[in-house]
Amino acid sequence: MRVTLLGTGDTTGTPTVGCDCDTCEAARERGVSRSRFSVHVENERTGEALLVDFSPDFRSQFLDADVPLPDAGLVTHIHFDHLDGLGNVYRLVDGLPVHAPAETDPATDESVAETIRRKYDYLEDRIGVHAREPFDPFETCGFEVRLVPVDHPPLLCFGAVIADPKTGAKLALTGDTSYDIPERSREALAGADLLLADAIVPASLCHHHPIGGRHEDADGVPRTFGTKHMTREGALALADELDAARTRLVHLAHYYPADEAFAEPLAVDGEVYEL
């Protein structure tokens with residue numbers, strides 16, 4: 001299993017357009033980027049590739065990383081920075097299976113799969129949307145995949161577990177989430193060779209959020225920024241709990257102080273891992 005981090009940033013990315021903050025300037029000086037979130041998972045046994053989330057930066061990500069076009073896709077939720085790149089597959093692929101959660105979201109009155117079918121109806125001759133129930137394993141690109149519920153209010157959102165049944169390699173993605181991940185999902189995400197964990201900002205920045213931080217640890221350090229995303233400290237605490245062999249922090253905002261923004265284990269675009 002070859003994992004390429006195509007996009008490791010939050011909704012505006014780093015550098016952020018029009019921003020001259022120290023972190024964005026440092027990213028430009030280093031020649032690194034954190035574009036909107038997307039992960040390419042290649043099965044080197046079968047020669048197939050699975051794309052987790054369709055970033056609006058799809059075109060530049062695939063050109064920069066020089067990875068093959070996907071044979072299937074997986075969508076974790078309907079926020080634009082995870083879905084709106086799907087339109088890029090027009091005239092690039094035919095018959096692309098797109099796997100998405102089947103559970104109806106009370107906030108939208110439709111499932112992620114139904115939203116994709118409605119929003120991208122003009123692609124119906126090029127993609128097939130497959131609705132998947134939480135925790136139910138399905139096969140794609142030679143992998144066993146499960147969607148696991150996480151906590152990203154007000155929308156339903158899912159993490160993912162991608163395993164190679166032949167080699168035992170396991171990739172876990174938290175998806176966009178607070179620290180309040182259900183116990184059953186934590187069990188599914190545990191023991192990964194590589195964990196990709198949402199860590200939008202350091203806990204020290206929670207005082208900038210209108211409601212502050214949540215899910216404090218024993219020392220009072222917030223593990224959730226506001227309601228929707230884990231802090232760096234929350235993501236690292238989760239990684240310890242899940243006993244991940246390796247952890248990379250993703251969905252990172254440009255609000256990280258420049259002297260912390262590129263420290264381990266914060267990821268940047270283009271990182272590649274062989275599991």
# chains A, B, ... in the order shown; residues from 1 in each chain; ligands from 1
$ residues_around --residues "region 141-143 of chain A" --least-positions-apart "4" --cutoff "8 Å" --atoms "only C-alpha atoms" --output "PyMOL selection string"
chain A and resi 43+46+48-50+71-72+162-165
$ residues_around --residues "region 148-152 of chain A" --least-positions-apart "6" --cutoff "8 Å" --atoms "only C-alpha atoms" --output "list in words"
Pro134, Phe135, Phe158, Gly159, Ala160, Val161, Thr174, Gly175, Asp176, Thr177, Ser178, Tyr179, Asp180, Ile181, Pro182, Ser185, Ala188, Thr227, Lys228 and His229 of chain A
$ residues_around --residues "Phe80 (chain A)" --least-positions-apart "6" --cutoff "9 Å" --atoms "only C-alpha atoms" --output "PDB file with N, CA, C and O atoms, in the first residue's frame"
ATOM      1  N   THR A  11      -9.585  24.348   5.020  1.00  0.00           N
ATOM      2  CA  THR A  11     -10.429  24.870   3.953  1.00  0.00           C
ATOM      3  C   THR A  11      -9.798  25.995   3.134  1.00  0.00           C
ATOM      4  O   THR A  11     -10.191  26.217   1.991  1.00  0.00           O
ATOM      5  N   PHE A  54     -12.290  14.364  -2.584  1.00  0.00           N
ATOM      6  CA  PHE A  54     -12.009  15.043  -3.853  1.00  0.00           C
ATOM      7  C   PHE A  54     -11.772  16.522  -3.579  1.00  0.00           C
ATOM      8  O   PHE A  54     -12.707  17.323  -3.519  1.00  0.00           O
ATOM      9  N   SER A  55     -10.528  16.887  -3.401  1.00  0.00           N
ATOM     10  CA  SER A  55     -10.153  18.256  -3.089  1.00  0.00           C
ATOM     11  C   SER A  55     -10.444  19.193  -4.255  1.00  0.00           C
ATOM     12  O   SER A  55     -10.305  18.799  -5.426  1.00  0.00           O
ATOM     13  N   PRO A  56     -10.814  20.445  -3.972  1.00  0.00           N
ATOM     14  CA  PRO A  56     -10.909  21.440  -5.050  1.00  0.00           C
ATOM     15  C   PRO A  56      -9.579  21.638  -5.773  1.00  0.00           C
ATOM     16  O   PRO A  56      -9.552  22.164  -6.893  1.00  0.00           O
TER      17      PRO A  56
END
$ residues_around --residues "region 242-259 of chain A" --least-positions-apart "5" --cutoff "8 Å" --atoms "only C-alpha atoms" --output "number ranges by chain"
A: 8-16, 22-24, 26, 34, 36-37, 176, 186-187, 189-202, 232, 235, 265-268
$ write_last_selection --atoms "N, CA, C and O atoms" --output "short mmCIF file (atom, residue, chain, number, x, y, z; two decimals), in the first residue's frame"
data_model
loop_
_atom_site.label_atom_id
_atom_site.label_comp_id
_atom_site.auth_asym_id
_atom_site.auth_seq_id
_atom_site.Cartn_x
_atom_site.Cartn_y
_atom_site.Cartn_z
N THR A 8 -2.96 18.42 2.62
CA THR A 8 -2.85 18.30 4.08
C THR A 8 -3.36 19.54 4.82
O THR A 8 -3.18 19.66 6.02
N GLY A 9 -4.02 20.45 4.08
CA GLY A 9 -4.47 21.69 4.68
C GLY A 9 -5.95 21.72 4.98
O GLY A 9 -6.70 20.80 4.65
N ASP A 10 -6.38 22.81 5.61
CA ASP A 10 -7.78 23.01 5.92
C ASP A 10 -8.47 23.70 4.75
O ASP A 10 -7.98 23.68 3.62
N THR A 11 -9.58 24.35 5.02
CA THR A 11 -10.43 24.87 3.95
C THR A 11 -9.80 26.00 3.13
O THR A 11 -10.19 26.22 1.99
N THR A 12 -8.81 26.73 3.70
CA THR A 12 -8.15 27.78 2.92
C THR A 12 -6.75 27.38 2.47
O THR A 12 -6.18 28.03 1.58
N GLY A 13 -6.19 26.34 3.08
CA GLY A 13 -4.85 25.90 2.71
C GLY A 13 -3.76 26.83 3.22
O GLY A 13 -4.02 27.90 3.77
N THR A 14 -2.52 26.36 3.06
CA THR A 14 -1.33 27.14 3.42
C THR A 14 -0.32 27.01 2.29
O THR A 14 0.03 25.88 1.91
N PRO A 15 0.16 28.12 1.71
CA PRO A 15 -0.22 29.48 2.03
C PRO A 15 -1.68 29.77 1.66
O PRO A 15 -2.19 29.25 0.68
N THR A 16 -2.31 30.62 2.46
CA THR A 16 -3.67 31.07 2.17
C THR A 16 -3.62 32.23 1.19
O THR A 16 -2.75 33.11 1.29
N ASP A 22 3.20 35.21 9.02
CA ASP A 22 4.53 34.60 9.10
C ASP A 22 4.52 33.16 8.63
O ASP A 22 5.48 32.70 7.99
N THR A 23 3.45 32.42 8.92
CA THR A 23 3.39 31.01 8.53
C THR A 23 3.24 30.88 7.02
O THR A 23 3.91 30.05 6.40
N CYS A 24 2.38 31.68 6.42
CA CYS A 24 2.23 31.62 4.97
C CYS A 24 3.52 32.05 4.26
O CYS A 24 3.92 31.46 3.25
N ALA A 26 6.53 31.74 5.51
CA ALA A 26 7.49 30.66 5.72
C ALA A 26 7.23 29.51 4.75
O ALA A 26 8.17 28.89 4.23
N ARG A 34 0.20 23.23 1.76
CA ARG A 34 -0.85 22.41 2.35
C ARG A 34 -2.14 22.79 1.63
O ARG A 34 -2.83 23.72 2.02
N ARG A 36 -5.99 21.70 -0.06
CA ARG A 36 -7.16 21.13 0.58
C ARG A 36 -7.10 19.61 0.59
O ARG A 36 -6.55 18.98 -0.31
N PHE A 37 -7.71 18.99 1.60
CA PHE A 37 -7.45 17.60 1.98
C PHE A 37 -7.80 16.58 0.89
O PHE A 37 -8.87 16.60 0.30
N ASP A 176 -12.60 14.72 9.30
CA ASP A 176 -12.77 15.96 10.07
C ASP A 176 -13.55 15.61 11.33
O ASP A 176 -14.69 15.13 11.24
N ARG A 186 -13.36 4.33 17.48
CA ARG A 186 -11.99 4.28 17.98
C ARG A 186 -11.42 2.86 17.88
O ARG A 186 -10.26 2.66 17.50
N GLU A 187 -12.25 1.88 18.19
CA GLU A 187 -11.80 0.50 18.10
C GLU A 187 -11.45 0.13 16.66
O GLU A 187 -10.47 -0.56 16.41
N LEU A 189 -10.46 2.22 14.30
CA LEU A 189 -9.30 3.00 13.86
C LEU A 189 -7.99 2.54 14.51
O LEU A 189 -6.90 2.89 14.05
N ALA A 190 -8.09 1.77 15.57
CA ALA A 190 -6.91 1.42 16.38
C ALA A 190 -5.96 0.49 15.64
O ALA A 190 -6.35 -0.28 14.77
N GLY A 191 -4.68 0.60 16.03
CA GLY A 191 -3.66 -0.32 15.56
C GLY A 191 -3.21 -0.13 14.13
O GLY A 191 -2.70 -1.06 13.50
N ALA A 192 -3.36 1.09 13.60
CA ALA A 192 -3.00 1.34 12.20
C ALA A 192 -1.49 1.46 12.03
O ALA A 192 -0.78 1.92 12.93
N ASP A 193 -1.01 1.08 10.87
CA ASP A 193 0.38 1.34 10.50
C ASP A 193 0.61 2.83 10.29
O ASP A 193 1.70 3.34 10.57
N LEU A 194 -0.42 3.52 9.80
CA LEU A 194 -0.36 4.96 9.61
C LEU A 194 -1.70 5.55 9.96
O LEU A 194 -2.74 5.10 9.46
N LEU A 195 -1.70 6.55 10.84
CA LEU A 195 -2.90 7.28 11.22
C LEU A 195 -2.78 8.71 10.71
O LEU A 195 -1.79 9.39 10.97
N LEU A 196 -3.79 9.15 9.97
CA LEU A 196 -3.89 10.54 9.52
C LEU A 196 -4.95 11.21 10.37
O LEU A 196 -6.14 10.86 10.27
N ALA A 197 -4.54 12.16 11.21
CA ALA A 197 -5.43 12.72 12.22
C ALA A 197 -5.62 14.21 12.02
O ALA A 197 -4.64 14.96 11.88
N ASP A 198 -6.87 14.63 12.04
CA ASP A 198 -7.25 16.04 11.95
C ASP A 198 -6.68 16.80 13.15
O ASP A 198 -6.90 16.43 14.30
N ALA A 199 -5.95 17.88 12.88
CA ALA A 199 -5.32 18.66 13.97
C ALA A 199 -5.23 20.12 13.53
O ALA A 199 -4.15 20.64 13.29
N ILE A 200 -6.36 20.79 13.47
CA ILE A 200 -6.44 22.06 12.76
C ILE A 200 -5.52 23.15 13.31
O ILE A 200 -4.93 23.91 12.56
N VAL A 201 -5.40 23.23 14.65
CA VAL A 201 -4.56 24.25 15.29
C VAL A 201 -4.01 23.70 16.60
O VAL A 201 -4.52 22.72 17.13
N PRO A 202 -2.98 24.35 17.16
CA PRO A 202 -2.55 23.97 18.51
C PRO A 202 -3.57 24.42 19.55
O PRO A 202 -4.31 25.39 19.35
N ARG A 232 -4.02 20.03 17.91
CA ARG A 232 -2.82 19.20 17.80
C ARG A 232 -2.70 18.27 19.00
O ARG A 232 -2.42 17.06 18.85
N ALA A 235 -5.25 15.46 18.79
CA ALA A 235 -4.89 14.45 17.79
C ALA A 235 -3.77 13.55 18.29
O ALA A 235 -3.79 12.33 18.07
N PRO A 265 4.82 16.09 14.24
CA PRO A 265 4.53 15.28 13.05
C PRO A 265 3.51 15.94 12.11
O PRO A 265 2.67 15.27 11.53
N LEU A 266 3.61 17.26 11.93
CA LEU A 266 2.70 17.97 11.03
C LEU A 266 3.11 17.68 9.59
O LEU A 266 4.27 17.82 9.22
N ALA A 267 2.13 17.27 8.78
CA ALA A 267 2.41 16.86 7.41
C ALA A 267 2.38 18.04 6.45
O ALA A 267 1.80 19.09 6.73
N VAL A 268 3.01 17.85 5.30
CA VAL A 268 2.89 18.76 4.17
C VAL A 268 2.54 17.93 2.94
O VAL A 268 2.71 16.71 2.92
#
$ residues_around --residues "Pro70 (chain A)" --least-positions-apart "2" --cutoff "12 Å" --atoms "only C-alpha atoms" --output "ChimeraX atom specification"
/A:38-43,47-54,58,62,67-68,72-74,86,88-89,92-98,127,140-141
$ residues_around --residues "Ala102 (chain A)" --least-positions-apart "5" --cutoff "6 Å" --atoms "only C-alpha atoms" --output "ChimeraX atom specification"
/A:111,113,131-133
$ closest_residue --among "A:Leu238, A:Cys206, A:Ala27, A:Glu44" --to "Glu260 (chain A)" --atoms "only C-alpha atoms"
A:Ala27
